[in-house]
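Source file: input.cif. Holds: mmCIF, N, CA and C atoms.
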```cif
data_entry
loop_
_atom_site.label_atom_id
_atom_site.label_comp_id
_atom_site.auth_asym_id
_atom_site.auth_seq_id
_atom_site.Cartn_x
_atom_site.Cartn_y
_atom_site.Cartn_z
N MET A 1 1.11 24.22 10.46
CA MET A 1 0.30 25.16 11.17
C MET A 1 -1.00 25.42 10.41
N LEU A 2 -0.94 25.40 9.10
CA LEU A 2 -2.13 25.64 8.29
C LEU A 2 -3.19 24.58 8.54
N THR A 3 -2.77 23.33 8.70
CA THR A 3 -3.72 22.25 8.94
C THR A 3 -4.41 22.43 10.29
N ALA A 4 -3.66 22.78 11.31
CA ALA A 4 -4.24 23.00 12.64
C ALA A 4 -5.21 24.18 12.59
N PHE A 5 -4.86 25.23 11.89
CA PHE A 5 -5.74 26.40 11.76
C PHE A 5 -7.04 26.02 11.07
N TYR A 6 -6.93 25.23 9.99
CA TYR A 6 -8.12 24.79 9.28
C TYR A 6 -9.01 23.95 10.19
N ASN A 7 -8.39 23.03 10.95
CA ASN A 7 -9.16 22.15 11.82
C ASN A 7 -9.94 22.95 12.87
N VAL A 8 -9.35 24.00 13.39
CA VAL A 8 -10.04 24.82 14.39
C VAL A 8 -11.20 25.58 13.76
N ASN A 9 -11.01 26.06 12.54
CA ASN A 9 -12.03 26.90 11.90
C ASN A 9 -12.83 26.17 10.82
N ARG A 10 -12.83 24.84 10.83
CA ARG A 10 -13.52 24.10 9.78
C ARG A 10 -15.03 24.22 9.91
N PRO A 11 -15.72 24.10 8.78
CA PRO A 11 -17.18 24.16 8.81
C PRO A 11 -17.76 22.96 9.56
N LYS A 12 -18.95 23.15 10.09
CA LYS A 12 -19.61 22.06 10.81
C LYS A 12 -19.88 20.91 9.85
N GLY A 13 -19.70 19.69 10.34
CA GLY A 13 -19.95 18.51 9.53
C GLY A 13 -18.76 18.05 8.71
N LYS A 14 -17.72 18.85 8.63
CA LYS A 14 -16.51 18.46 7.88
C LYS A 14 -15.58 17.69 8.82
N ASN A 15 -14.93 16.67 8.28
CA ASN A 15 -13.95 15.92 9.06
C ASN A 15 -12.66 16.72 9.18
N PRO A 16 -11.99 16.62 10.33
CA PRO A 16 -10.71 17.33 10.47
C PRO A 16 -9.63 16.68 9.61
N LEU A 17 -8.66 17.48 9.19
CA LEU A 17 -7.51 16.97 8.45
C LEU A 17 -6.52 16.35 9.43
N LYS A 18 -5.78 15.36 8.98
CA LYS A 18 -4.78 14.72 9.83
C LYS A 18 -3.57 15.64 9.96
N LEU A 19 -3.05 15.72 11.17
CA LEU A 19 -1.91 16.60 11.43
C LEU A 19 -0.59 15.98 10.98
N TRP A 20 -0.46 14.68 11.12
CA TRP A 20 0.78 14.01 10.75
C TRP A 20 0.49 12.87 9.82
N LYS A 21 1.38 12.66 8.86
CA LYS A 21 1.28 11.53 7.96
C LYS A 21 2.04 10.36 8.58
N LYS A 22 1.47 9.16 8.45
CA LYS A 22 2.14 7.98 8.98
C LYS A 22 3.30 7.61 8.08
N LYS A 23 4.44 7.31 8.69
CA LYS A 23 5.60 6.87 7.93
C LYS A 23 5.56 5.35 7.84
N PRO A 24 5.87 4.81 6.67
CA PRO A 24 5.89 3.35 6.57
C PRO A 24 7.04 2.77 7.40
N LYS A 25 6.82 1.56 7.90
CA LYS A 25 7.86 0.92 8.68
C LYS A 25 9.05 0.60 7.79
N LYS A 26 10.24 0.72 8.34
CA LYS A 26 11.44 0.39 7.58
C LYS A 26 11.58 -1.13 7.52
N VAL A 27 11.89 -1.62 6.34
CA VAL A 27 12.06 -3.05 6.14
C VAL A 27 13.55 -3.34 6.04
N LYS A 28 13.96 -4.39 6.71
CA LYS A 28 15.36 -4.78 6.64
C LYS A 28 15.69 -5.25 5.24
N LYS A 29 16.89 -4.95 4.79
CA LYS A 29 17.32 -5.29 3.44
C LYS A 29 17.26 -6.80 3.20
N GLU A 30 17.65 -7.59 4.21
CA GLU A 30 17.64 -9.05 4.06
C GLU A 30 16.21 -9.56 3.89
N GLU A 31 15.30 -9.00 4.69
CA GLU A 31 13.90 -9.41 4.60
C GLU A 31 13.31 -9.06 3.23
N TYR A 32 13.66 -7.88 2.72
CA TYR A 32 13.19 -7.45 1.41
C TYR A 32 13.70 -8.39 0.32
N GLN A 33 14.98 -8.72 0.36
CA GLN A 33 15.56 -9.62 -0.64
C GLN A 33 14.94 -11.01 -0.56
N ASN A 34 14.65 -11.48 0.66
CA ASN A 34 14.02 -12.77 0.83
C ASN A 34 12.62 -12.77 0.21
N ASN A 35 11.87 -11.70 0.42
CA ASN A 35 10.53 -11.59 -0.15
C ASN A 35 10.58 -11.58 -1.68
N ILE A 36 11.56 -10.89 -2.24
CA ILE A 36 11.71 -10.85 -3.70
C ILE A 36 12.00 -12.25 -4.24
N LYS A 37 12.86 -13.00 -3.55
CA LYS A 37 13.18 -14.37 -3.99
C LYS A 37 11.93 -15.26 -3.96
N ILE A 38 11.12 -15.12 -2.92
CA ILE A 38 9.89 -15.91 -2.81
C ILE A 38 8.96 -15.59 -3.98
N ILE A 39 8.82 -14.31 -4.29
CA ILE A 39 7.94 -13.90 -5.39
C ILE A 39 8.47 -14.43 -6.72
N GLU A 40 9.77 -14.35 -6.95
CA GLU A 40 10.35 -14.86 -8.21
C GLU A 40 10.14 -16.36 -8.34
N ASP A 41 10.29 -17.09 -7.22
CA ASP A 41 10.06 -18.54 -7.26
C ASP A 41 8.61 -18.86 -7.60
N MET A 42 7.68 -18.12 -7.01
CA MET A 42 6.26 -18.33 -7.29
C MET A 42 5.95 -18.06 -8.76
N GLU A 43 6.56 -17.01 -9.31
CA GLU A 43 6.32 -16.68 -10.71
C GLU A 43 6.86 -17.75 -11.64
N LYS A 44 7.98 -18.37 -11.28
CA LYS A 44 8.54 -19.45 -12.11
C LYS A 44 7.61 -20.66 -12.10
N ARG A 45 7.06 -20.98 -10.92
CA ARG A 45 6.21 -22.15 -10.79
C ARG A 45 4.82 -21.93 -11.35
N GLU A 46 4.18 -20.82 -10.98
CA GLU A 46 2.76 -20.62 -11.26
C GLU A 46 2.46 -19.50 -12.25
N GLY A 47 3.46 -18.76 -12.67
CA GLY A 47 3.21 -17.60 -13.50
C GLY A 47 2.73 -16.44 -12.64
N LYS A 48 2.07 -15.48 -13.26
CA LYS A 48 1.62 -14.31 -12.52
C LYS A 48 0.15 -14.40 -12.11
N SER A 49 -0.36 -15.62 -12.03
CA SER A 49 -1.77 -15.78 -11.67
C SER A 49 -2.06 -15.28 -10.26
N TRP A 50 -1.06 -15.29 -9.38
CA TRP A 50 -1.28 -14.81 -8.02
C TRP A 50 -1.65 -13.34 -7.99
N VAL A 51 -1.14 -12.56 -8.93
CA VAL A 51 -1.47 -11.14 -9.01
C VAL A 51 -2.95 -10.97 -9.34
N TYR A 52 -3.43 -11.77 -10.28
CA TYR A 52 -4.83 -11.66 -10.69
C TYR A 52 -5.77 -12.13 -9.59
N LYS A 53 -5.32 -13.09 -8.78
CA LYS A 53 -6.13 -13.53 -7.64
C LYS A 53 -6.28 -12.40 -6.63
N ILE A 54 -5.23 -11.66 -6.42
CA ILE A 54 -5.29 -10.51 -5.49
C ILE A 54 -6.23 -9.46 -6.05
N TYR A 55 -6.13 -9.16 -7.36
CA TYR A 55 -7.04 -8.21 -7.99
C TYR A 55 -8.49 -8.63 -7.82
N LYS A 56 -8.75 -9.89 -8.07
CA LYS A 56 -10.11 -10.41 -8.01
C LYS A 56 -10.65 -10.33 -6.58
N ALA A 57 -9.82 -10.67 -5.59
CA ALA A 57 -10.24 -10.63 -4.20
C ALA A 57 -10.59 -9.20 -3.75
N ASN A 58 -9.92 -8.22 -4.35
CA ASN A 58 -10.16 -6.83 -3.99
C ASN A 58 -11.16 -6.13 -4.90
N GLY A 59 -11.72 -6.87 -5.84
CA GLY A 59 -12.74 -6.31 -6.71
C GLY A 59 -12.20 -5.40 -7.79
N ILE A 60 -10.93 -5.56 -8.14
CA ILE A 60 -10.32 -4.72 -9.18
C ILE A 60 -10.35 -5.49 -10.49
N LYS A 61 -10.85 -4.86 -11.53
CA LYS A 61 -10.86 -5.51 -12.84
C LYS A 61 -9.53 -5.23 -13.52
N ASN A 62 -8.99 -6.24 -14.17
CA ASN A 62 -7.73 -6.07 -14.88
C ASN A 62 -7.90 -6.52 -16.33
N LYS A 63 -6.94 -6.17 -17.15
CA LYS A 63 -7.04 -6.43 -18.59
C LYS A 63 -6.85 -7.91 -18.93
N LYS A 64 -5.90 -8.60 -18.27
CA LYS A 64 -5.54 -9.95 -18.69
C LYS A 64 -6.24 -11.04 -17.88
N GLY A 65 -6.25 -10.91 -16.57
CA GLY A 65 -6.67 -12.03 -15.73
C GLY A 65 -8.15 -12.22 -15.57
N GLY A 66 -8.97 -11.23 -15.95
CA GLY A 66 -10.40 -11.45 -15.85
C GLY A 66 -10.92 -10.84 -14.68
#
```

Let me see whether you can do it: turn the structure in this file into structure tokens.
Amino acid sequence: MLTAFYNVNRPKGKNPLKLWKKKPKKVKKEEYQNNIKIIEDMEKREGKSWVYKIYKANGIKNKKGG
């Protein structure tokens, strides 16, 4: 109720607050375990370089990968 009250009485130019938070989708246990196996296989073959590629693509600087 506090959020709705704030949204009604908010100052001009301010964005309204969201009333509900989105819940993450539930993942099936089998799908989760399959994803973990894929990641472990990739790490055995290529190491953790895939993590640094994701960091680099998103513009995040990390300590090890550059």

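Among the candidates A:Lys61, A:Lys56, A:Lys37, A:Lys18, the residue lying nearest to Ala4 in chain A is A:Lys18 (atoms considered: only N, CA and C atoms).
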
> What separation in Å, quoted to one decimal, exists between atom N of Leu2 in chain A and atom N of Leu17 in chain A?
Replying inline: 11.1 Å

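For the pair CA of Lys53 in chain A and atom N of Ile39 in chain A, the separation is 15.3 Å.
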
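The spacing separating atom N of Leu19 in chain A from atom C of Asn7 in chain A amounts to 10.1 Å.
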